[in-house]
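Novice: For reference, this is data28.txt, and it has compact mmCIF, C-alpha atoms (C1' of nucleotides).
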```
# COMPACT_ATOMS: atom_id res chain seq x y z
CA MET A 1 2.03 -0.62 -39.46
CA ILE A 2 4.19 0.83 -36.71
CA ARG A 3 2.53 2.40 -33.67
CA ARG A 4 3.64 5.86 -32.64
CA LEU A 5 2.84 7.04 -29.14
CA ASP A 6 3.40 10.23 -27.21
CA ARG A 7 3.93 10.94 -23.53
CA GLU A 8 0.25 11.60 -23.02
CA ALA A 9 -0.80 8.19 -24.36
CA TRP A 10 1.52 6.45 -21.92
CA THR A 11 0.34 8.66 -19.06
CA ARG A 12 -3.36 7.99 -19.69
CA ALA A 13 -2.74 4.26 -20.01
CA ALA A 14 -0.78 4.36 -16.75
CA LEU A 15 -3.57 6.18 -14.90
CA ASP A 16 -6.14 3.68 -16.15
CA ALA A 17 -3.92 0.83 -14.98
CA PHE A 18 -3.45 2.55 -11.63
CA GLU A 19 -7.19 2.95 -11.15
CA GLU A 20 -7.62 -0.74 -11.90
CA THR A 21 -4.70 -2.27 -10.00
CA GLY A 22 -2.80 0.37 -8.08
CA PRO A 23 0.91 1.09 -8.52
CA SER A 24 1.81 -2.50 -9.36
CA GLY A 25 -0.34 -2.11 -12.46
CA VAL A 26 1.90 0.68 -13.71
CA ALA A 27 4.56 -1.66 -15.13
CA VAL A 28 6.49 -0.89 -18.29
CA VAL A 29 6.51 -4.31 -19.93
CA PRO A 30 2.79 -5.12 -19.57
CA LEU A 31 1.80 -1.58 -20.60
CA ALA A 32 4.05 -1.80 -23.63
CA ARG A 33 2.43 -5.10 -24.56
CA ASP A 34 -1.04 -3.57 -24.23
CA LEU A 35 -0.03 -0.54 -26.29
CA GLY A 36 1.54 -2.71 -28.98
CA VAL A 37 5.14 -1.49 -28.69
CA THR A 38 8.32 -2.77 -27.09
CA ARG A 39 9.70 -1.74 -23.71
CA GLY A 40 12.48 0.21 -25.35
CA SER A 41 10.07 2.71 -26.83
CA PHE A 42 8.90 3.67 -23.36
CA TYR A 43 12.32 5.05 -22.48
CA TRP A 44 12.16 7.48 -25.33
CA HIS A 45 9.30 9.29 -23.53
CA PHE A 46 10.25 8.79 -19.88
CA GLU A 47 13.34 8.59 -17.74
CA SER A 48 11.97 5.76 -15.64
CA ARG A 49 8.89 3.85 -14.54
CA ASP A 50 8.67 6.10 -11.48
CA GLU A 51 8.45 9.18 -13.67
CA LEU A 52 5.51 7.56 -15.47
CA LEU A 53 3.69 6.86 -12.21
CA ALA A 54 4.31 10.41 -11.01
CA ALA A 55 3.01 11.83 -14.30
CA ALA A 56 -0.13 9.71 -14.13
CA LEU A 57 -0.91 10.80 -10.58
CA GLU A 58 -0.21 14.42 -11.46
CA LEU A 59 -2.86 14.08 -14.14
CA TRP A 60 -5.30 12.91 -11.49
CA GLU A 61 -4.37 15.77 -9.18
CA HIS A 62 -5.02 18.40 -11.82
CA GLU A 63 -8.03 16.94 -13.57
CA HIS A 64 -9.90 15.50 -10.61
CA SER A 65 -8.72 16.29 -7.11
CA ASP A 66 -8.10 20.01 -7.65
CA ALA A 67 -11.18 20.39 -9.82
CA ILE A 68 -13.43 19.17 -6.99
CA LEU A 69 -11.89 21.56 -4.50
CA GLU A 70 -12.23 24.50 -6.85
CA ALA A 71 -15.90 23.72 -7.43
CA LEU A 72 -16.41 23.75 -3.67
CA GLN A 73 -14.69 27.10 -3.26
CA GLU A 74 -17.35 28.57 -5.54
CA LEU A 75 -19.89 28.10 -2.75
CA HIS A 76 -19.45 31.25 -0.72
CA ASP A 77 -21.99 30.39 1.96
CA PRO A 78 -19.96 28.39 4.53
CA ARG A 79 -23.00 26.34 5.58
CA ALA A 80 -23.64 25.27 1.99
CA ARG A 81 -19.97 24.41 1.61
CA LEU A 82 -19.99 22.21 4.72
CA GLU A 83 -23.12 20.47 3.51
CA ALA A 84 -21.57 19.81 0.12
CA LEU A 85 -18.46 18.48 1.86
CA GLY A 86 -20.64 16.27 4.02
CA ARG A 87 -22.38 14.85 0.96
CA ALA A 88 -19.04 14.24 -0.74
CA ALA A 89 -17.75 12.55 2.39
CA THR A 90 -20.67 10.11 2.72
CA SER A 91 -20.91 9.20 -0.98
CA LYS A 92 -18.71 6.61 -2.58
CA PRO A 93 -15.08 7.79 -2.74
CA PRO A 94 -13.49 7.76 -6.20
CA SER A 95 -11.58 4.60 -6.97
CA ILE A 96 -8.30 6.39 -7.68
CA PHE A 97 -8.35 7.95 -4.23
CA ILE A 98 -9.01 4.52 -2.72
CA GLN A 99 -6.04 3.12 -4.61
CA LEU A 100 -3.89 5.94 -3.27
CA LEU A 101 -4.93 5.12 0.29
CA ARG A 102 -4.32 1.43 -0.21
CA ALA A 103 -0.81 1.95 -1.58
CA ALA A 104 0.44 4.80 0.60
CA ASP A 105 3.68 2.93 1.28
CA ASP A 106 4.75 3.59 -2.30
CA PRO A 107 6.90 6.75 -2.08
CA ILE A 108 5.37 8.37 -5.17
CA VAL A 109 1.82 7.54 -4.11
CA GLY A 110 2.62 8.79 -0.62
CA ARG A 111 3.77 12.18 -1.87
CA VAL A 112 0.65 12.69 -3.97
CA LEU A 113 -1.62 11.58 -1.16
CA GLU A 114 0.03 13.95 1.27
CA ARG A 115 -0.30 16.89 -1.11
CA ALA A 116 -3.96 16.09 -1.78
CA SER A 117 -4.71 15.64 1.92
CA ARG A 118 -3.04 18.92 2.79
CA ARG A 119 -5.22 20.80 0.27
CA ARG A 120 -8.39 19.09 1.45
CA LEU A 121 -7.65 19.81 5.08
CA GLU A 122 -7.07 23.48 4.23
CA VAL A 123 -10.39 23.74 2.42
CA LEU A 124 -12.20 22.00 5.27
CA ALA A 125 -10.56 24.17 7.92
CA LYS A 126 -11.47 27.27 5.95
CA ALA A 127 -15.10 26.15 5.79
CA TYR A 128 -15.21 25.54 9.55
CA GLY A 129 -13.43 28.84 10.17
CA ASP A 130 -15.87 30.75 7.95
CA SER A 131 -18.76 29.26 9.87
CA GLY A 132 -17.50 30.62 13.17
CA LEU A 133 -14.82 28.42 14.76
CA SER A 134 -11.47 29.81 15.85
CA PRO A 135 -8.58 28.95 13.50
CA ALA A 136 -7.17 26.32 15.88
CA ALA A 137 -10.56 24.75 16.57
CA ALA A 138 -11.36 24.81 12.86
CA ARG A 139 -8.14 22.97 12.10
CA ARG A 140 -8.88 20.31 14.70
CA ARG A 141 -12.43 19.88 13.50
CA ALA A 142 -11.19 19.57 9.92
CA LEU A 143 -8.74 16.87 10.98
CA ILE A 144 -11.50 14.95 12.75
CA ALA A 145 -13.81 15.18 9.74
CA TYR A 146 -11.15 14.26 7.19
CA ALA A 147 -9.78 11.41 9.33
CA GLN A 148 -13.30 10.06 9.50
CA TYR A 149 -13.65 10.29 5.72
CA VAL A 150 -10.31 8.60 5.09
CA GLY A 151 -10.85 5.91 7.70
CA LEU A 152 -14.30 5.01 6.51
CA ALA A 153 -13.34 5.05 2.83
CA PHE A 154 -10.48 2.76 3.71
CA LEU A 155 -12.47 0.31 5.82
CA VAL A 156 -15.39 0.07 3.42
CA ALA A 157 -13.05 -0.52 0.49
CA GLU A 158 -11.49 -3.31 2.54
CA ASP A 159 -14.83 -4.81 3.57
CA PRO A 160 -18.00 -3.49 1.87
CA GLU A 161 -20.11 -5.53 4.30
CA LEU A 162 -19.47 -2.83 6.91
CA LEU A 163 -22.06 -0.63 5.18
CA PRO A 164 -23.82 -3.08 2.89
CA ASP A 165 -26.88 -1.11 1.75
CA GLU A 166 -28.37 2.34 1.39
CA ARG A 167 -30.19 2.10 4.71
CA SER A 168 -27.04 1.39 6.72
CA ARG A 169 -25.15 4.14 4.90
CA ALA A 170 -27.95 6.60 5.70
CA ALA A 171 -28.05 5.58 9.35
CA TYR A 172 -24.28 5.98 9.58
CA ALA A 173 -24.44 9.40 7.92
CA ARG A 174 -27.18 10.55 10.33
CA GLU A 175 -25.25 9.38 13.37
CA LEU A 176 -22.04 10.94 12.11
CA ALA A 177 -23.78 14.27 11.43
CA ALA A 178 -25.25 14.27 14.93
CA VAL A 179 -21.82 13.52 16.39
CA LEU A 180 -19.95 16.12 14.32
CA ASN A 181 -22.39 18.95 14.96
CA ALA A 182 -22.15 18.54 18.71
CA MET B 1 30.66 -22.93 9.63
CA ILE B 2 27.34 -23.51 7.92
CA ARG B 3 24.26 -21.66 9.16
CA ARG B 4 21.18 -23.73 9.94
CA LEU B 5 17.86 -21.97 10.19
CA ASP B 6 14.32 -23.03 10.97
CA ARG B 7 10.96 -21.68 9.86
CA GLU B 8 10.72 -19.51 12.94
CA ALA B 9 13.99 -17.70 12.25
CA TRP B 10 12.81 -16.80 8.76
CA THR B 11 9.41 -15.71 10.08
CA ARG B 12 10.89 -13.41 12.75
CA ALA B 13 13.31 -11.91 10.29
CA ALA B 14 10.43 -11.34 7.87
CA LEU B 15 8.29 -9.62 10.52
CA ASP B 16 11.19 -7.36 11.48
CA ALA B 17 11.68 -6.46 7.82
CA PHE B 18 7.95 -5.83 7.45
CA GLU B 19 7.91 -3.49 10.43
CA GLU B 20 10.83 -1.60 8.92
CA THR B 21 9.85 -1.45 5.25
CA GLY B 22 6.45 -3.02 4.68
CA PRO B 23 5.76 -5.95 2.33
CA SER B 24 8.48 -4.95 -0.13
CA GLY B 25 10.98 -5.58 2.66
CA VAL B 26 9.92 -9.21 2.85
CA ALA B 27 12.04 -10.31 -0.11
CA VAL B 28 13.74 -13.70 -0.28
CA VAL B 29 17.11 -12.71 -1.71
CA PRO B 30 17.87 -9.78 0.61
CA LEU B 31 16.64 -11.73 3.67
CA ALA B 32 18.80 -14.68 2.69
CA ARG B 33 21.78 -12.35 2.37
CA ASP B 34 21.10 -10.91 5.83
CA LEU B 35 20.70 -14.37 7.33
CA GLY B 36 23.88 -15.60 5.68
CA VAL B 37 22.39 -18.33 3.49
CA THR B 38 21.45 -18.67 -0.16
CA ARG B 39 18.00 -18.23 -1.65
CA GLY B 40 17.65 -21.94 -2.23
CA SER B 41 17.62 -22.66 1.48
CA PHE B 42 14.53 -20.55 1.90
CA TYR B 43 12.49 -22.92 -0.24
CA TRP B 44 13.22 -25.79 2.07
CA HIS B 45 11.15 -24.05 4.77
CA PHE B 46 8.49 -22.30 2.69
CA GLU B 47 6.50 -22.89 -0.45
CA SER B 48 6.78 -19.29 -1.57
CA ARG B 49 7.57 -15.72 -0.58
CA ASP B 50 3.83 -15.14 -0.03
CA GLU B 51 3.70 -17.95 2.51
CA LEU B 52 6.53 -16.24 4.41
CA LEU B 53 4.70 -12.92 4.47
CA ALA B 54 1.49 -14.62 5.63
CA ALA B 55 3.38 -16.45 8.39
CA ALA B 56 5.02 -13.25 9.60
CA LEU B 57 1.71 -11.40 9.79
CA GLU B 58 0.08 -14.35 11.53
CA LEU B 59 2.77 -14.05 14.16
CA TRP B 60 1.79 -10.41 14.64
CA GLU B 61 -1.89 -11.28 14.86
CA HIS B 62 -1.34 -13.85 17.58
CA GLU B 63 1.36 -12.17 19.61
CA HIS B 64 0.23 -8.57 19.41
CA SER B 65 -3.14 -7.78 17.93
CA ASP B 66 -5.10 -10.54 19.69
CA ALA B 67 -3.17 -10.09 22.92
CA ILE B 68 -4.27 -6.45 23.17
CA LEU B 69 -7.90 -7.32 22.60
CA GLU B 70 -7.82 -10.08 25.19
CA ALA B 71 -6.31 -7.74 27.77
CA LEU B 72 -9.15 -5.32 27.11
CA GLN B 73 -11.79 -8.01 27.54
CA GLU B 74 -10.50 -8.49 31.07
CA LEU B 75 -11.97 -5.11 31.98
CA HIS B 76 -15.55 -5.98 32.83
CA ASP B 77 -16.71 -2.45 33.53
CA PRO B 78 -17.79 -1.13 30.11
CA ARG B 79 -16.89 2.45 31.01
CA ALA B 80 -13.35 1.41 31.94
CA ARG B 81 -13.10 -0.56 28.71
CA LEU B 82 -14.17 2.43 26.60
CA GLU B 83 -11.68 4.62 28.41
CA ALA B 84 -8.89 2.14 27.79
CA LEU B 85 -9.90 1.97 24.14
CA GLY B 86 -9.89 5.76 23.98
CA ARG B 87 -6.38 5.89 25.42
CA ALA B 88 -5.22 3.24 22.96
CA ALA B 89 -6.82 5.17 20.11
CA THR B 90 -5.14 8.48 20.93
CA SER B 91 -1.68 7.08 21.68
CA LYS B 92 0.82 6.28 18.96
CA PRO B 93 -0.35 3.32 16.85
CA PRO B 94 2.10 0.42 16.60
CA SER B 95 4.33 0.59 13.56
CA ILE B 96 3.30 -2.80 12.21
CA PHE B 97 -0.32 -1.71 12.13
CA ILE B 98 0.71 1.46 10.29
CA GLN B 99 2.57 -0.63 7.74
CA LEU B 100 -0.52 -2.78 7.27
CA LEU B 101 -2.63 0.32 6.58
CA ARG B 102 -0.07 1.72 4.19
CA ALA B 103 0.12 -1.48 2.13
CA ALA B 104 -3.49 -2.61 2.14
CA ASP B 105 -3.37 -3.17 -1.61
CA ASP B 106 -1.18 -6.20 -1.05
CA PRO B 107 -3.60 -9.16 -1.00
CA ILE B 108 -1.96 -10.84 1.97
CA VAL B 109 -1.74 -7.62 3.96
CA GLY B 110 -5.34 -6.87 3.03
CA ARG B 111 -6.61 -10.16 4.41
CA VAL B 112 -4.80 -9.72 7.72
CA LEU B 113 -5.97 -6.14 8.05
CA GLU B 114 -9.55 -7.10 7.40
CA ARG B 115 -9.45 -9.87 10.00
CA ALA B 116 -7.87 -7.59 12.59
CA SER B 117 -10.35 -4.80 11.85
CA ARG B 118 -13.30 -7.15 12.15
CA ARG B 119 -12.15 -8.28 15.60
CA ARG B 120 -11.51 -4.73 16.78
CA LEU B 121 -14.89 -3.56 15.56
CA GLU B 122 -16.57 -6.43 17.41
CA VAL B 123 -14.81 -5.58 20.65
CA LEU B 124 -15.67 -1.90 20.28
CA ALA B 125 -19.30 -2.61 19.46
CA LYS B 126 -19.53 -4.91 22.46
CA ALA B 127 -18.15 -2.16 24.70
CA TYR B 128 -20.68 0.36 23.37
CA GLY B 129 -23.47 -2.22 23.66
CA ASP B 130 -22.51 -3.06 27.25
CA SER B 131 -22.66 0.61 28.11
CA GLY B 132 -26.24 0.95 26.96
CA LEU B 133 -26.54 1.45 23.19
CA SER B 134 -28.76 -0.77 21.06
CA PRO B 135 -26.85 -3.36 18.99
CA ALA B 136 -27.31 -1.41 15.74
CA ALA B 137 -26.36 1.92 17.30
CA ALA B 138 -23.39 0.28 19.01
CA ARG B 139 -22.17 -1.08 15.69
CA ARG B 140 -22.48 2.34 14.03
CA ARG B 141 -20.72 4.06 16.91
CA ALA B 142 -17.95 1.45 16.78
CA LEU B 143 -17.51 2.06 13.07
CA ILE B 144 -17.29 5.82 13.64
CA ALA B 145 -14.73 5.41 16.41
CA TYR B 146 -12.60 2.86 14.55
CA ALA B 147 -12.73 4.82 11.29
CA GLN B 148 -11.49 7.83 13.22
CA TYR B 149 -8.64 5.78 14.69
CA VAL B 150 -7.64 4.34 11.33
CA GLY B 151 -7.96 7.64 9.49
CA LEU B 152 -5.93 9.58 12.02
CA ALA B 153 -3.26 6.90 12.34
CA PHE B 154 -2.98 6.94 8.58
CA LEU B 155 -2.82 10.71 8.15
CA VAL B 156 -0.36 11.28 10.97
CA ALA B 157 1.91 8.53 9.66
CA GLU B 158 1.80 10.28 6.29
CA ASP B 159 2.40 13.74 7.78
CA PRO B 160 3.44 13.99 11.45
CA GLU B 161 3.11 17.78 11.24
CA LEU B 162 -0.65 17.36 11.52
CA LEU B 163 -0.25 16.74 15.25
CA PRO B 164 3.31 17.88 15.90
CA ASP B 165 3.47 18.02 19.71
CA GLU B 166 1.86 16.79 22.90
CA ARG B 167 -0.26 19.92 23.22
CA SER B 168 -1.90 19.51 19.83
CA ARG B 169 -2.47 15.80 20.43
CA ALA B 170 -4.15 16.57 23.74
CA ALA B 171 -6.36 19.26 22.20
CA TYR B 172 -7.36 16.87 19.44
CA ALA B 173 -8.15 14.11 21.94
CA ARG B 174 -10.28 16.50 24.03
CA GLU B 175 -12.24 17.69 21.02
CA LEU B 176 -12.71 14.15 19.78
CA ALA B 177 -13.93 12.97 23.17
CA ALA B 178 -16.42 15.84 23.33
CA VAL B 179 -17.62 14.98 19.86
CA LEU B 180 -17.92 11.23 20.45
CA ASN B 181 -19.72 11.48 23.77
CA ALA B 182 -22.42 13.70 22.30
C1' DA C 1 17.12 -32.44 7.54
C1' DC C 2 18.88 -28.43 5.61
C1' DC C 3 21.76 -26.02 2.26
C1' DT C 4 24.32 -24.86 -2.32
C1' DG C 5 24.49 -23.38 -6.95
C1' DA C 6 22.94 -23.15 -11.39
C1' DA C 7 18.99 -22.46 -14.17
C1' DC C 8 14.69 -20.02 -15.89
C1' DA C 9 10.91 -16.40 -16.03
C1' DC C 10 9.78 -11.66 -15.38
C1' DC C 11 10.42 -6.63 -15.06
C1' DG C 12 13.34 -2.27 -14.98
C1' DT C 13 16.92 -0.02 -17.50
C1' DT C 14 20.42 1.00 -21.20
C1' DC C 15 21.83 1.68 -25.73
C1' DA C 16 23.36 0.95 -30.49
C1' DA C 17 21.00 0.45 -34.56
C1' DG C 18 17.02 1.08 -37.50
C1' DT C 19 13.14 4.06 -39.91
C1' DA D 1 11.49 11.89 -33.73
C1' DC D 2 10.23 7.45 -32.27
C1' DC D 3 10.90 2.47 -32.14
C1' DT D 4 13.36 -2.30 -32.14
C1' DG D 5 16.02 -5.83 -30.12
C1' DA D 6 19.53 -7.48 -27.48
C1' DA D 7 21.87 -6.97 -23.23
C1' DC D 8 22.34 -6.67 -18.01
C1' DA D 9 20.80 -6.47 -13.02
C1' DC D 10 17.55 -8.07 -9.69
C1' DC D 11 14.12 -11.09 -7.47
C1' DG D 12 10.97 -15.29 -7.33
C1' DT D 13 11.01 -20.13 -8.12
C1' DT D 14 12.75 -24.92 -9.19
C1' DC D 15 15.65 -28.70 -8.55
C1' DA D 16 19.55 -31.88 -8.73
C1' DA D 17 23.38 -32.42 -5.98
C1' DG D 18 25.83 -31.96 -1.68
C1' DT D 19 26.46 -32.61 3.72
```
Using structure tokens, write down the structure that the file contains.

Specialist:
Amino acid sequence: MIRRLDREAWTRAALDAFEETGPSGVAVVPLARDLGVTRGSFYWHFESRDELLAAALELWEHEHSDAILEALQELHDPRARLEALGRAATSKPPSIFIQLLRAADDPIVGRVLERASRRRLEVLAKAYGDSGLSPAAARRRALIAYAQYVGLAFLVAEDPELLPDERSRAAYARELAAVLNA
Amino acid sequence: MIRRLDREAWTRAALDAFEETGPSGVAVVPLARDLGVTRGSFYWHFESRDELLAAALELWEHEHSDAILEALQELHDPRARLEALGRAATSKPPSIFIQLLRAADDPIVGRVLERASRRRLEVLAKAYGDSGLSPAAARRRALIAYAQYVGLAFLVAEDPELLPDERSRAAYARELAAVLNA
DNA sequence: ACCTGAACACCGTTCAAGT
DNA sequence: ACCTGAACACCGTTCAAGT
């Protein structure tokens, strides 16, 4: 029996591989092997391997990254929104986002990461602005908060021993909250 | 005339390529072309391309990363040391470090980055400890400060428009200092 | 001691031919 | 409309042969 695939099947498989291994996992020949077809069939659906990677990350942007931000925008009370953002920031970051951070030198990954970061910074700045800061101060505070999130996510992914248990994570979150509400 | 190279020449060339392009720039065939020899000659000096990348990054660790930390340790006044660290943190991060951050998914890059981060966190925690914090609090504060440094370096490398001019950098640094000295 | 040059494996890409 | 299979380019690696 001959397997028939569509663009979507390739894209989902590519996103799974990306979550597992990062951009190097999105490779035509191994994916084709896994999907039970030959490399040639891939080029019926896509122009190139880069187009596949871009499509997979676009899927993530629409289904996950944007969805989270939209849910947050539902919270009209700025204090509640900042609290929700704080909880999101101190809980475990999604593995796809971690992979994006860890492979930012890939041009396609870099573009997606920059778009996602821009949106998140806007949402954060809006929350700080709505809770009373001037636009410029809100933007700076958003940058500080998001840089902290990115830096910590990065470092802990690199070395989980930095925050090994729930107690250390809680102590870090308390200290960070004290520092950021100064 | 036949070119003769040693291990050091390959290592320097590899580090230059890494600074320019990241790990993908450390490729045997293109480097050999640049150096005017064939690929085969490379394997006289090194077991593998990975050994070359590791050697290049080791060079960076010894000549740059460690050197900076040792210079800082010379400052015995903890306040002066924290100030020097603050200046280092808000000035432009060295391009090799940025490349390390942007390619952390590479196993060899990841190892080097983790080692360097561990050392920097130790030095930071020691500075905070020497200036009066308890060991646990000093470690948390060090993590907050270093995560901020890493996160900002990362985001600004991705999108320089986040802090486009000297004025915005200064305003950010002021706000950050206010926040971190809370 | 250091380099050449040819070989092989692996992945990206193309394309004529099949169903 | 979707897939096969063979071809080519490119890079990592090996190794016998050269100087």

Novice: Tell me, in Å to one decimal, how far CA of Asp66 in chain B is from CA of Arg102 in chain A.

Specialist: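 Between CA of Asp66 in chain B and CA of Arg102 in chain A the gap is 23.2 Å.
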
Novice: For chain A, which residues have at least one atom within 12 Å of chain C, if we go by all atoms listed in the file? Write them as a list in words, please.

Specialist: Ile2, Ser24, Gly25, Val26, Ala27, Val28, Val29, Pro30, Leu31, Ala32, Arg39, Gly40, Ser41, Phe42, Tyr43, Trp44, Phe46, Glu47, Ser48, Arg49 and Asp50 of chain A

Novice: Please report, as a tab-separated table, each residue of chain B lying at most 9 Å from chain A, together with the nearest pair of atoms and the separation in Å rounded to one decimal; use all atoms listed in the file, and order rows by chain and ascending residue number.

Specialist:
```
residue	atom	partner	partner_atom	distance
B:Thr21	CA	A:Asp105	CA	8.5
B:Gly22	CA	A:Asp105	CA	7.4
B:Gln99	CA	A:Asp105	CA	7.5
B:Leu101	CA	A:Arg102	CA	7.1
B:Arg102	CA	A:Ala104	CA	4.8
B:Ala103	CA	A:Ala103	CA	5.1
B:Ala104	CA	A:Arg102	CA	4.7
B:Asp105	CA	A:Arg102	CA	4.9
B:Asp106	CA	A:Ala103	CA	8.2
B:Gly110	CA	A:Glu158	CA	7.1
B:Arg111	CA	A:Glu158	CA	8.6
B:Leu113	CA	A:Glu158	CA	8.3
B:Glu114	CA	A:Glu158	CA	6.5
B:Ser117	CA	A:Leu155	CA	8.2
B:Ala137	CA	A:Glu175	CA	8.5
B:Arg140	CA	A:Tyr172	CA	6.0
B:Arg141	CA	A:Glu175	CA	7.8
B:Leu143	CA	A:Leu152	CA	7.9
B:Ile144	CA	A:Gln148	CA	7.1
B:Ala145	CA	A:Gln148	CA	8.5
B:Tyr146	CA	A:Gly151	CA	7.7
B:Ala147	CA	A:Gly151	CA	4.2
B:Gln148	CA	A:Gln148	CA	4.7
B:Tyr149	CA	A:Gly151	CA	7.3
B:Val150	CA	A:Gly151	CA	5.1
B:Gly151	CA	A:Gly151	CA	3.8
B:Leu152	CA	A:Ala147	CA	5.0
B:Ala153	CA	A:Ala147	CA	8.5
B:Phe154	CA	A:Gly151	CA	8.0
B:Leu155	CA	A:Ala147	CA	7.1
B:Glu158	CA	A:Glu114	CA	6.5
B:Asp159	CA	A:Glu114	CA	6.9
B:Leu162	CA	A:Leu143	CA	8.1
B:Ser168	CA	A:Arg140	CA	8.7
B:Ala171	CA	A:Arg140	CA	8.0
B:Tyr172	CA	A:Arg140	CA	6.1
B:Glu175	CA	A:Arg140	CA	7.6
B:Leu176	CA	A:Ile144	CA	7.2
B:Ala178	CA	A:Ala182	CA	7.8
B:Val179	CA	A:Val179	CA	5.6
B:Leu180	CA	A:Val179	CA	6.1
B:Asn181	CA	A:Val179	CA	7.9
B:Ala182	CA	A:Val179	CA	5.9
```

Novice: Mind pulling up the distance from CA of Pro78 in chain A to CA of Ser134 in chain A?

Specialist: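 The value is 14.2 Å.
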
Novice: Show me, as AutoDock Vina command-line options, the centre and edge lengths in Å to one decimal of the axis-aligned box that covers every listed atom of range 58-73 of chain A with 4 Å on each side.

Specialist:
```
--center_x -8.3 --center_y 20.0 --center_z -8.7 --size_x 24.2 --size_y 22.2 --size_z 18.9
```
